[in-house]
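Read through the structure below, which is laid out as structure tokens, and then see the notes.
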Amino acid sequence: MRIASLLEIKKDLKQKTKQELIELILKLTKYKVENKELLAYLLFESAYENHFISKIESEIDLQFAHIHFKSNYIINKNIRKIKRYIVKQIRFPKQKETEIALRIHSCKNLVKIQSKYNFNNIRHQMLTRQIEIIRKALAYLHEDLQFDYELELTELLEQVLSLIHI
């Protein structure tokens with residue numbers, strides 16, 4: 001089966017009535033949860049980006065609070081699950097500011113876990129990878145925002161360095 005190009009789909013959508021478009025969108029949301037989540041973001045949360053960020057940050061805090069600390073394997077597994085959730089939420093807005101804010105928030109929680117429990121090399125590598133991703137995303141922001149986020153990032157790096165030297 002040949003899949004239509006984006007241009008063909010766009011042309012066909014322009015010919016549809018409002019009711020037909022609504023039915024098509026509802027069919028899309030029935031079959032995949034991600035489509036429904038994206039549509040909910042676009043309809044309800046895209047206009048209020050700060051509210052969206054704070055909602056996701058509180059969800060991240062909740063997920064970090066529910067981590068089971070039985071073993072390092074379980075802790076790392078839960079952290080990877082949280083990281084997948086963050087990446088999924090970052091895909092919707094496609095704004096670097098949102099991405100950086102959520103990644104910095106998760107790194108702060110990860111530093112708390114590193115300081116509470118014994119130092120773990122895998123968690124440290126996760127943390128350094130996240131910091132590298134944040135640094136790459138900073139290059140796309142305006143200079144004023146870069147400066148603000150760079151301050152937060154240096155504080156985070158100081159905390160990470162203090163963990164290593166303990």
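Chain labels follow the order of the structure tokens: the first chain is A, the next B, and so on; residue numbering restarts at 1 in every chain, and ligands are counted from 1 in their shown order.
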
- Compile the contact shell of A:Leu161 as a ChimeraX atom specification: residues with an atom at most 12 Å away, counting only C-alpha atoms, same-chain residues fewer than 5 positions apart removed. /A:111,114-115,119,124,127-128,154-156,166

- Excluding stretch 15-26 of chain A and residues on its chain fewer than 4 positions from it, collect all residues at most 10 Å away from it, counting only C-alpha atoms, and give them as a list in words. Lys10, Lys11, Lys30, Tyr31, Asn35, Lys36 and Leu39 of chain A

Please write the residues from the selection above to a file, keeping N, CA and C atoms, as a JSON list (two decimals), in the first residue's frame.
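Done, and the output landed in out-v9.json:
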```
[["chain", "number", "residue", "atom", "x", "y", "z"],
["A", 10, "LYS", "N", -2.55, 17.27, 2.62],
["A", 10, "LYS", "CA", -2.91, 18.67, 2.86],
["A", 10, "LYS", "C", -3.97, 19.14, 1.86],
["A", 11, "LYS", "N", -3.78, 18.81, 0.58],
["A", 11, "LYS", "CA", -4.75, 19.19, -0.46],
["A", 11, "LYS", "C", -6.12, 18.57, -0.19],
["A", 30, "LYS", "N", -8.75, 7.93, 18.47],
["A", 30, "LYS", "CA", -9.23, 6.65, 18.99],
["A", 30, "LYS", "C", -8.16, 5.58, 18.97],
["A", 31, "TYR", "N", -7.28, 5.63, 17.99],
["A", 31, "TYR", "CA", -6.38, 4.50, 17.77],
["A", 31, "TYR", "C", -5.04, 4.59, 18.47],
["A", 35, "ASN", "N", -1.64, 10.19, 19.98],
["A", 35, "ASN", "CA", -2.40, 11.15, 19.19],
["A", 35, "ASN", "C", -3.36, 11.94, 20.07],
["A", 36, "LYS", "N", -3.98, 11.24, 21.00],
["A", 36, "LYS", "CA", -4.92, 11.90, 21.91],
["A", 36, "LYS", "C", -4.18, 12.87, 22.83],
["A", 39, "LEU", "N", -3.18, 15.95, 20.76],
["A", 39, "LEU", "CA", -4.35, 16.79, 20.50],
["A", 39, "LEU", "C", -4.78, 17.53, 21.75]]
```

So that I can see what lies close to A:Ser58, please list as a PDB file with N, CA, C and O atoms, in the first residue's frame the residues with an atom at most 12 Å from it, counting only C-alpha atoms and leaving out residues fewer than 6 positions away in the same chain.
```pdb
ATOM      1  N   HIS A  51       2.084  26.936  32.556  1.00  0.00           N
ATOM      2  CA  HIS A  51       1.232  26.009  33.308  1.00  0.00           C
ATOM      3  C   HIS A  51       1.568  24.566  32.922  1.00  0.00           C
ATOM      4  O   HIS A  51       1.622  23.685  33.783  1.00  0.00           O
ATOM      5  N   PHE A  52       1.791  24.329  31.638  1.00  0.00           N
ATOM      6  CA  PHE A  52       2.167  22.998  31.163  1.00  0.00           C
ATOM      7  C   PHE A  52       3.473  22.549  31.813  1.00  0.00           C
ATOM      8  O   PHE A  52       3.583  21.421  32.302  1.00  0.00           O
ATOM      9  N   PHE A  64       9.457  10.802  40.998  1.00  0.00           N
ATOM     10  CA  PHE A  64      10.692  10.627  41.764  1.00  0.00           C
ATOM     11  C   PHE A  64      10.391  10.253  43.214  1.00  0.00           C
ATOM     12  O   PHE A  64      11.150   9.521  43.838  1.00  0.00           O
ATOM     13  N   ALA A  65       9.282  10.758  43.756  1.00  0.00           N
ATOM     14  CA  ALA A  65       8.916  10.429  45.136  1.00  0.00           C
ATOM     15  C   ALA A  65       8.499   8.965  45.275  1.00  0.00           C
ATOM     16  O   ALA A  65       8.635   8.383  46.356  1.00  0.00           O
ATOM     17  N   ILE A  86       9.638  12.152  30.298  1.00  0.00           N
ATOM     18  CA  ILE A  86      10.054  13.532  30.016  1.00  0.00           C
ATOM     19  C   ILE A  86      10.255  13.730  28.518  1.00  0.00           C
ATOM     20  O   ILE A  86       9.795  14.724  27.949  1.00  0.00           O
ATOM     21  N   LEU A 102      12.395  21.379  31.746  1.00  0.00           N
ATOM     22  CA  LEU A 102      12.040  20.043  32.236  1.00  0.00           C
ATOM     23  C   LEU A 102      13.279  19.190  32.504  1.00  0.00           C
ATOM     24  O   LEU A 102      13.339  18.466  33.501  1.00  0.00           O
ATOM     25  N   HIS A 105      14.972  20.404  35.690  1.00  0.00           N
ATOM     26  CA  HIS A 105      14.196  19.973  36.861  1.00  0.00           C
ATOM     27  C   HIS A 105      14.447  18.494  37.170  1.00  0.00           C
ATOM     28  O   HIS A 105      14.630  18.114  38.331  1.00  0.00           O
ATOM     29  N   SER A 106      14.474  17.667  36.144  1.00  0.00           N
ATOM     30  CA  SER A 106      14.729  16.240  36.384  1.00  0.00           C
ATOM     31  C   SER A 106      16.151  16.011  36.880  1.00  0.00           C
ATOM     32  O   SER A 106      16.382  15.140  37.722  1.00  0.00           O
ATOM     33  N   ASN A 109      16.296  16.655  40.585  1.00  0.00           N
ATOM     34  CA  ASN A 109      15.774  15.506  41.328  1.00  0.00           C
ATOM     35  C   ASN A 109      16.772  14.356  41.340  1.00  0.00           C
ATOM     36  O   ASN A 109      16.910  13.650  42.340  1.00  0.00           O
TER      37      ASN A 109
END
```

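Taking atom CA of A:Asn50 as the reference point, atom CA of A:Leu110 is found at 22.1 Å.
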
- Write out as a ChimeraX atom specification all residues of stretch 17-152 of chain A that DSSP puts in alpha helix (DSSP H) for this structure's backbone. /A:18-31,33-40,49-65,72-91,96-116,121-138,143-152

- Item | For A:Gln95, the nearest of the candidates A:Val33, A:Ile53, A:Leu38, A:Ala4, counting only C-alpha atoms | A:Ile53

Within 10 Å of stretch 130-138 of chain A, counting only C-alpha atoms, which residues qualify if same-chain residues fewer than 2 places away don't, as a compact mmCIF listing (two decimals) with N, CA, C and O atoms, in the first residue's frame?
```
# COMPACT_ATOMS: atom_id res chain seq x y z
N LYS A 83 12.70 9.33 32.64
CA LYS A 83 13.35 10.00 31.50
C LYS A 83 12.54 9.80 30.22
O LYS A 83 12.38 10.74 29.43
N GLN A 95 9.56 23.27 21.93
CA GLN A 95 10.20 24.53 22.28
C GLN A 95 11.40 24.21 23.15
O GLN A 95 11.30 23.44 24.11
N LYS A 96 12.51 24.82 22.84
CA LYS A 96 13.75 24.53 23.57
C LYS A 96 13.66 24.98 25.03
O LYS A 96 14.23 24.35 25.90
N GLU A 97 12.94 26.07 25.29
CA GLU A 97 12.82 26.54 26.67
C GLU A 97 12.11 25.50 27.54
O GLU A 97 12.53 25.23 28.67
N GLU A 99 11.94 22.26 26.92
CA GLU A 99 12.84 21.12 27.04
C GLU A 99 13.89 21.35 28.11
O GLU A 99 14.12 20.50 28.97
N ILE A 100 14.52 22.52 28.08
CA ILE A 100 15.58 22.82 29.04
C ILE A 100 15.03 22.88 30.46
O ILE A 100 15.63 22.32 31.39
N ALA A 101 13.88 23.52 30.64
CA ALA A 101 13.30 23.64 31.97
C ALA A 101 12.98 22.26 32.55
O ALA A 101 13.28 21.98 33.72
N LEU A 102 12.39 21.38 31.75
CA LEU A 102 12.04 20.04 32.24
C LEU A 102 13.28 19.19 32.50
O LEU A 102 13.34 18.47 33.50
N ARG A 103 14.27 19.29 31.64
CA ARG A 103 15.49 18.50 31.84
C ARG A 103 16.27 18.97 33.08
O ARG A 103 16.78 18.16 33.83
N ILE A 104 16.34 20.29 33.28
CA ILE A 104 17.03 20.80 34.47
C ILE A 104 16.30 20.35 35.73
O ILE A 104 16.94 19.95 36.71
N SER A 106 14.47 17.67 36.14
CA SER A 106 14.73 16.24 36.38
C SER A 106 16.15 16.01 36.88
O SER A 106 16.38 15.14 37.72
N CYS A 107 17.10 16.80 36.39
CA CYS A 107 18.49 16.67 36.86
C CYS A 107 18.60 17.05 38.33
O CYS A 107 19.34 16.41 39.09
N HIS A 124 25.25 8.68 37.58
CA HIS A 124 26.13 9.79 37.26
C HIS A 124 26.24 9.97 35.74
O HIS A 124 26.22 11.09 35.23
N GLN A 125 26.35 8.87 35.00
CA GLN A 125 26.40 8.96 33.54
C GLN A 125 25.10 9.49 32.97
O GLN A 125 25.11 10.27 32.01
N MET A 126 23.96 9.08 33.54
CA MET A 126 22.67 9.62 33.10
C MET A 126 22.64 11.13 33.29
O MET A 126 22.18 11.87 32.41
N LEU A 127 23.12 11.55 34.42
CA LEU A 127 23.14 12.98 34.75
C LEU A 127 24.03 13.76 33.79
O LEU A 127 23.63 14.81 33.28
N THR A 128 25.22 13.24 33.50
CA THR A 128 26.12 13.95 32.59
C THR A 128 25.56 13.99 31.17
O THR A 128 25.70 15.00 30.48
N TYR A 140 20.35 27.15 20.98
CA TYR A 140 19.24 27.60 20.15
C TYR A 140 18.41 28.71 20.78
O TYR A 140 17.49 29.22 20.15
N LEU A 141 18.72 29.08 22.01
CA LEU A 141 17.92 30.08 22.71
C LEU A 141 18.48 31.48 22.52
O LEU A 141 19.63 31.67 22.12
N HIS A 142 17.65 32.46 22.86
CA HIS A 142 18.08 33.86 22.86
C HIS A 142 19.14 34.05 23.95
O HIS A 142 19.16 33.33 24.95
N GLU A 143 20.00 35.04 23.78
CA GLU A 143 21.13 35.24 24.70
C GLU A 143 20.70 35.45 26.14
O GLU A 143 21.34 34.95 27.06
N LEU A 145 17.94 34.35 27.65
CA LEU A 145 17.51 33.06 28.19
C LEU A 145 18.69 32.13 28.40
O LEU A 145 18.74 31.38 29.38
N GLN A 146 19.65 32.18 27.49
CA GLN A 146 20.86 31.36 27.64
C GLN A 146 21.55 31.70 28.95
O GLN A 146 21.97 30.79 29.68
N PHE A 147 21.65 32.98 29.24
CA PHE A 147 22.33 33.40 30.47
C PHE A 147 21.59 32.89 31.71
O PHE A 147 22.21 32.36 32.63
N TYR A 149 19.48 30.30 32.01
CA TYR A 149 19.59 28.85 32.14
C TYR A 149 21.03 28.41 32.42
O TYR A 149 21.24 27.40 33.08
N GLU A 150 21.99 29.18 31.94
CA GLU A 150 23.39 28.86 32.22
C GLU A 150 23.69 28.99 33.71
O GLU A 150 24.45 28.19 34.27
N LEU A 153 22.34 25.96 35.31
CA LEU A 153 23.17 24.82 34.96
C LEU A 153 24.47 24.80 35.75
O LEU A 153 24.94 23.74 36.17
N LEU A 156 23.74 23.51 39.14
CA LEU A 156 23.56 22.07 39.06
C LEU A 156 24.91 21.36 38.96
O LEU A 156 25.13 20.35 39.64
N LEU A 157 25.81 21.89 38.16
CA LEU A 157 27.14 21.29 38.02
C LEU A 157 27.92 21.35 39.33
O LEU A 157 28.65 20.41 39.66
```

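Minimum atom-to-atom distance to A:Lys112, evaluated using only C-alpha atoms, belongs to A:Leu163 out of A:Ile74, A:Leu163, A:Leu151, A:Val87.
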
- Please measure the separation of atom CA of A:Gln63 and atom CA of A:Phe44, giving the value in Å to one decimal. 23.2 Å
